[in-house]
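Trainee: I'd like to ask some things about the structure below.
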Amino acid sequence: MRMKFSFLILLSAAGIVMAQTPTVQPALETEPVPHGDDAADDACFWVHPDNPELSLIVGTDKEGGLAVYGLDGKQRQYLPDGKMNNVDIRYGFSLAGSPQEIVISSNRSDMSLSVYRVDPASLTLVSAGKIVTGMKLVYGFCMYRSAKTGAYFAFVNSEDGEVQQWKLNESQGKIGGELVRSFDVGIQTEGCVADDDTGVFYIGEEEKGIWRYGAEPDAGTDRELVDSVKPDGRLTADVEGLSIYYASATKGYLVASSQGDSTFAVYERDGNNKFLGFFQIGKANSIDPVTGTDGIDVISAALGKGFTEGAFIAQDDTNDGANQNFKLVPWQSIANAFTPALTIDTTRSPRL
């Protein structure tokens, strides 16, 4: 695809540096969420075990439920189960003696975590449990599978910066949880992501920056600042969605939504998360550009036609002439927009 470029002025200790922010084009958009105003928020990919073209997108409608889309962008299912905010997925959770792929969403209607399993035969979500958090207002959410113990965890945060970590368990064929850790990040938080391989938990403090914690339940509260908002850092508040591009070993990328300037920051996944650059999503044919993004997701695995080298998805704050929706970009379009190009690695299965 043809790349367009805009210029971004970055401030550094050495003075003013000119850097290019590539504009990539979306290849697909989902149908709008059912509710108007600020309703769409976050999304995740489910990769079909046998046929990548049957993979799914699960998107939140924080005014009413969860929407499930095919890779054609068409809505296949809508679950009117509450005001869903953030959503995440993990594979291989043992339920009734069988490995299941589970999707969990933070539910503002009853301050809970709504749990589902994916039915690969019908390509739908099926209710599989609920975890009541006791928070005043649940907000961001992400999941973690420990390479150390094999245990599955759910991280949920509140609007005032409180974070809870729940260990997932099975009880009478349903999925529940045990609270194993809680801590306070600071002011308002939402976007988070956990690295299953390295045991790192990242969370965005919206007006401050991206923090890196340990993801194990005994990791405590020690943390490091990955990047901050301007004028001290590169990001433009609010810091919103976070996602990880998994490549072989510990290679890959941490991607963050810099909502205030409608760009996406890319950092190395390993080491000290070296900053690599920004990109933005422009318009393509009848698809409008992406602005003011909340939640994001990225997948390195091959999906269906047009996304055989992975995909990136972003919530779009303003969807011309319709309710909000989600836009998809082939990962290779993003990777090849950087100099040097980012890694394209489809060998890591999300089912590892």
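If you're wondering about the labels, chains in the structure tokens are A, B, ... by order shown, residues count from 1 in each chain, ligands from 1 in order shown.
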Need the shell around stretch 144-154 of chain A: protein/DNA/RNA residues with any atom at most 9 Å away, counting only C-alpha atoms. Skip same-chain ones fewer than 3 positions apart. Format as a VMD selection string?

Mentor: chain A and resid 90 to 91 93 104 113 141 164 to 169 177 193 to 199 201 215 to 217

Trainee: Could you please take those selected residues and save C-alpha atoms as a PDB file, in the first residue's frame?

Mentor:
```
ATOM      1  CA  ARG A  90      -6.473 -16.656  26.489  1.00  0.00           C
ATOM      2  CA  TYR A  91      -6.235 -20.193  25.153  1.00  0.00           C
ATOM      3  CA  PHE A  93      -7.881 -23.046  30.090  1.00  0.00           C
ATOM      4  CA  ILE A 104     -13.409 -12.081  29.603  1.00  0.00           C
ATOM      5  CA  LEU A 113     -15.846  -9.711  35.010  1.00  0.00           C
ATOM      6  CA  PHE A 141      -9.001  -5.235  31.906  1.00  0.00           C
ATOM      7  CA  GLN A 164      -6.900  -6.152  41.280  1.00  0.00           C
ATOM      8  CA  GLN A 165      -5.320  -9.439  40.157  1.00  0.00           C
ATOM      9  CA  TRP A 166      -7.555 -12.522  40.194  1.00  0.00           C
ATOM     10  CA  LYS A 167      -6.405 -16.129  39.806  1.00  0.00           C
ATOM     11  CA  LEU A 168      -8.885 -17.953  37.592  1.00  0.00           C
ATOM     12  CA  ASN A 169     -10.277 -21.308  38.676  1.00  0.00           C
ATOM     13  CA  GLY A 177     -11.640 -16.283  40.576  1.00  0.00           C
ATOM     14  CA  VAL A 193      -1.566  -5.829  28.851  1.00  0.00           C
ATOM     15  CA  ALA A 194       0.458  -8.704  30.313  1.00  0.00           C
ATOM     16  CA  ASP A 195       3.328 -10.493  28.570  1.00  0.00           C
ATOM     17  CA  ASP A 196       2.845 -14.242  29.081  1.00  0.00           C
ATOM     18  CA  ASP A 197       6.450 -15.058  28.173  1.00  0.00           C
ATOM     19  CA  THR A 198       8.375 -12.462  30.155  1.00  0.00           C
ATOM     20  CA  GLY A 199       6.031 -12.096  33.138  1.00  0.00           C
ATOM     21  CA  PHE A 201       2.471  -6.338  33.301  1.00  0.00           C
ATOM     22  CA  ALA A 215       2.829  -9.900  36.439  1.00  0.00           C
ATOM     23  CA  GLU A 216       3.200 -12.696  39.000  1.00  0.00           C
ATOM     24  CA  PRO A 217       0.916 -12.392  42.047  1.00  0.00           C
TER      25      PRO A 217
END
```

Trainee: Can you list every residue in stretch 88-146 of chain A that DSSP puts in strand (DSSP E), as a PyMOL selection string?

Mentor: chain A and resi 88-95+98-107+112-119+124-132+138-145

Trainee: Write out as a ChimeraX atom specification which residues come within 9 Å of A:Tyr245 when counting only C-alpha atoms, dropping same-chain ones fewer than 5 positions away.

Mentor: /A:251-255,269,297-300

Trainee: Export N, CA and C atoms of the chosen residues as an mmCIF file, in the first residue's frame?

Mentor:
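Generated output (out-v5.cif):
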```
data_model
loop_
_atom_site.group_PDB
_atom_site.id
_atom_site.type_symbol
_atom_site.label_atom_id
_atom_site.label_comp_id
_atom_site.auth_asym_id
_atom_site.auth_seq_id
_atom_site.Cartn_x
_atom_site.Cartn_y
_atom_site.Cartn_z
ATOM 1 N N LYS A 251 11.289 -11.483 21.323
ATOM 2 C CA LYS A 251 11.222 -10.405 20.343
ATOM 3 C C LYS A 251 9.773 -9.997 20.122
ATOM 4 N N GLY A 252 9.616 -8.851 19.520
ATOM 5 C CA GLY A 252 8.286 -8.336 19.266
ATOM 6 C C GLY A 252 8.153 -6.921 19.785
ATOM 7 N N TYR A 253 6.900 -6.484 20.010
ATOM 8 C CA TYR A 253 6.675 -5.070 20.290
ATOM 9 C C TYR A 253 5.549 -4.859 21.291
ATOM 10 N N LEU A 254 5.688 -3.781 22.047
ATOM 11 C CA LEU A 254 4.614 -3.214 22.854
ATOM 12 C C LEU A 254 4.055 -2.043 22.053
ATOM 13 N N VAL A 255 2.743 -2.027 21.844
ATOM 14 C CA VAL A 255 2.095 -0.960 21.077
ATOM 15 C C VAL A 255 1.116 -0.233 22.001
ATOM 16 N N ARG A 269 9.709 -5.093 22.694
ATOM 17 C CA ARG A 269 9.060 -5.889 23.732
ATOM 18 C C ARG A 269 10.030 -6.275 24.842
ATOM 19 N N ASP A 297 -5.667 -3.986 19.662
ATOM 20 C CA ASP A 297 -5.103 -5.330 19.770
ATOM 21 C C ASP A 297 -4.247 -5.581 18.539
ATOM 22 N N VAL A 298 -3.247 -6.451 18.699
ATOM 23 C CA VAL A 298 -2.396 -6.825 17.590
ATOM 24 C C VAL A 298 -2.151 -8.317 17.682
ATOM 25 N N ILE A 299 -2.090 -8.985 16.536
ATOM 26 C CA ILE A 299 -1.870 -10.426 16.484
ATOM 27 C C ILE A 299 -0.813 -10.718 15.431
ATOM 28 N N SER A 300 0.166 -11.548 15.793
ATOM 29 C CA SER A 300 1.213 -11.894 14.820
ATOM 30 C C SER A 300 0.841 -13.122 14.005
#
```

Trainee: Using only C-alpha atoms, which protein or nucleic acid residues come within 9 Å of A:Pro34? Drop anything in the same chain fewer than 2 positions from it, and give the result as a PyMOL selection string.

Mentor: chain A and resi 31-32+36+39+61+63-64+67+78+323-324

Trainee: Please measure the separation of atom CA of A:Gly73 and atom CA of A:Gly92, giving the value in Å to one decimal.

Mentor: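 Between atom CA of A:Gly73 and atom CA of A:Gly92 the gap works out to 26.1 Å.
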
Trainee: I'd like the neighbourhood of A:Gly97 as a list in words, where a residue qualifies if any of its atoms comes within 12 Å (using only C-alpha atoms), though same-chain residues fewer than 5 positions away should be ignored.

Mentor: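 Contacts, with the query itself left out: Gly92, Glu170, Ser171, Gln172, Gly173 and Lys174 of chain A.
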
Trainee: Residues within 9 Å of A:Tyr69, please, as a list in words. Count only C-alpha atoms; anything in the same chain fewer than 2 positions from it doesn't count.

Mentor: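 Everything that qualifies: Thr30, Glu31, Ser55, Leu56, Ile57, Val58, Gly59, Ala67, Leu71, Asp72, Gly73, Lys74, Gln75, Arg76 and Gln77 of chain A.
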
Trainee: Take the residues just selected and output them with C-alpha atoms as a CSV table (one decimal), in the first residue's frame.

Mentor:
```
chain,number,residue,atom,x,y,z
A,30,THR,CA,-16.3,-3.7,11.3
A,31,GLU,CA,-20.0,-2.8,11.3
A,55,SER,CA,-11.1,-16.3,13.0
A,56,LEU,CA,-13.2,-13.8,15.0
A,57,ILE,CA,-13.0,-10.3,16.4
A,58,VAL,CA,-14.7,-9.6,19.8
A,59,GLY,CA,-15.5,-5.9,20.4
A,67,ALA,CA,-20.2,-7.8,19.5
A,71,LEU,CA,-13.0,-11.2,9.4
A,72,ASP,CA,-15.4,-9.6,6.8
A,73,GLY,CA,-16.3,-7.1,9.5
A,74,LYS,CA,-19.9,-8.3,9.7
A,75,GLN,CA,-21.5,-8.8,13.1
A,76,ARG,CA,-22.1,-12.5,13.8
A,77,GLN,CA,-23.4,-12.3,17.4
```

Trainee: Need to verify the contact set: A:Asn285, 12 Å, only C-alpha atoms, exclusion of same-chain residues closer than 6 positions in sequence. Can you return it as JSON, numbers by chain?

Mentor: {"A": [25, 26, 27, 28, 29]}

Trainee: Just the number, please: distance in Å from atom CA of A:Asp320 to atom CA of A:Ala337, one decimal.

Mentor: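 Taking atom CA of A:Asp320 as the start and atom CA of A:Ala337 as the end point, the length is 25.7 Å.
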
Trainee: Using only C-alpha atoms, which of the listed residues (A:Ser262, A:Ala219, A:Ser349, A:Phe279) sits closest to A:Thr318?

Mentor: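 With only C-alpha atoms as the atom set, the closest residue is A:Ser262.
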
Trainee: Measuring between only C-alpha atoms, which one of A:Ala265, A:Met111, A:Leu123, A:Val118 shows the shortest distance to A:Leu95?

Mentor: A:Val118

Trainee: What's the separation between atom CA of A:Ile131 and atom CA of A:Val115, in Å to one decimal place?

Mentor: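 Separation of atom CA of A:Ile131 and atom CA of A:Val115: 7.9 Å.
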
Trainee: Which residue out of A:Ser158, A:Thr308, A:Ser122, A:Ser106 has the minimum interatomic distance to A:Glu53 when only C-alpha atoms are used?

Mentor: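 Smallest distance to A:Glu53 is found for A:Thr308.
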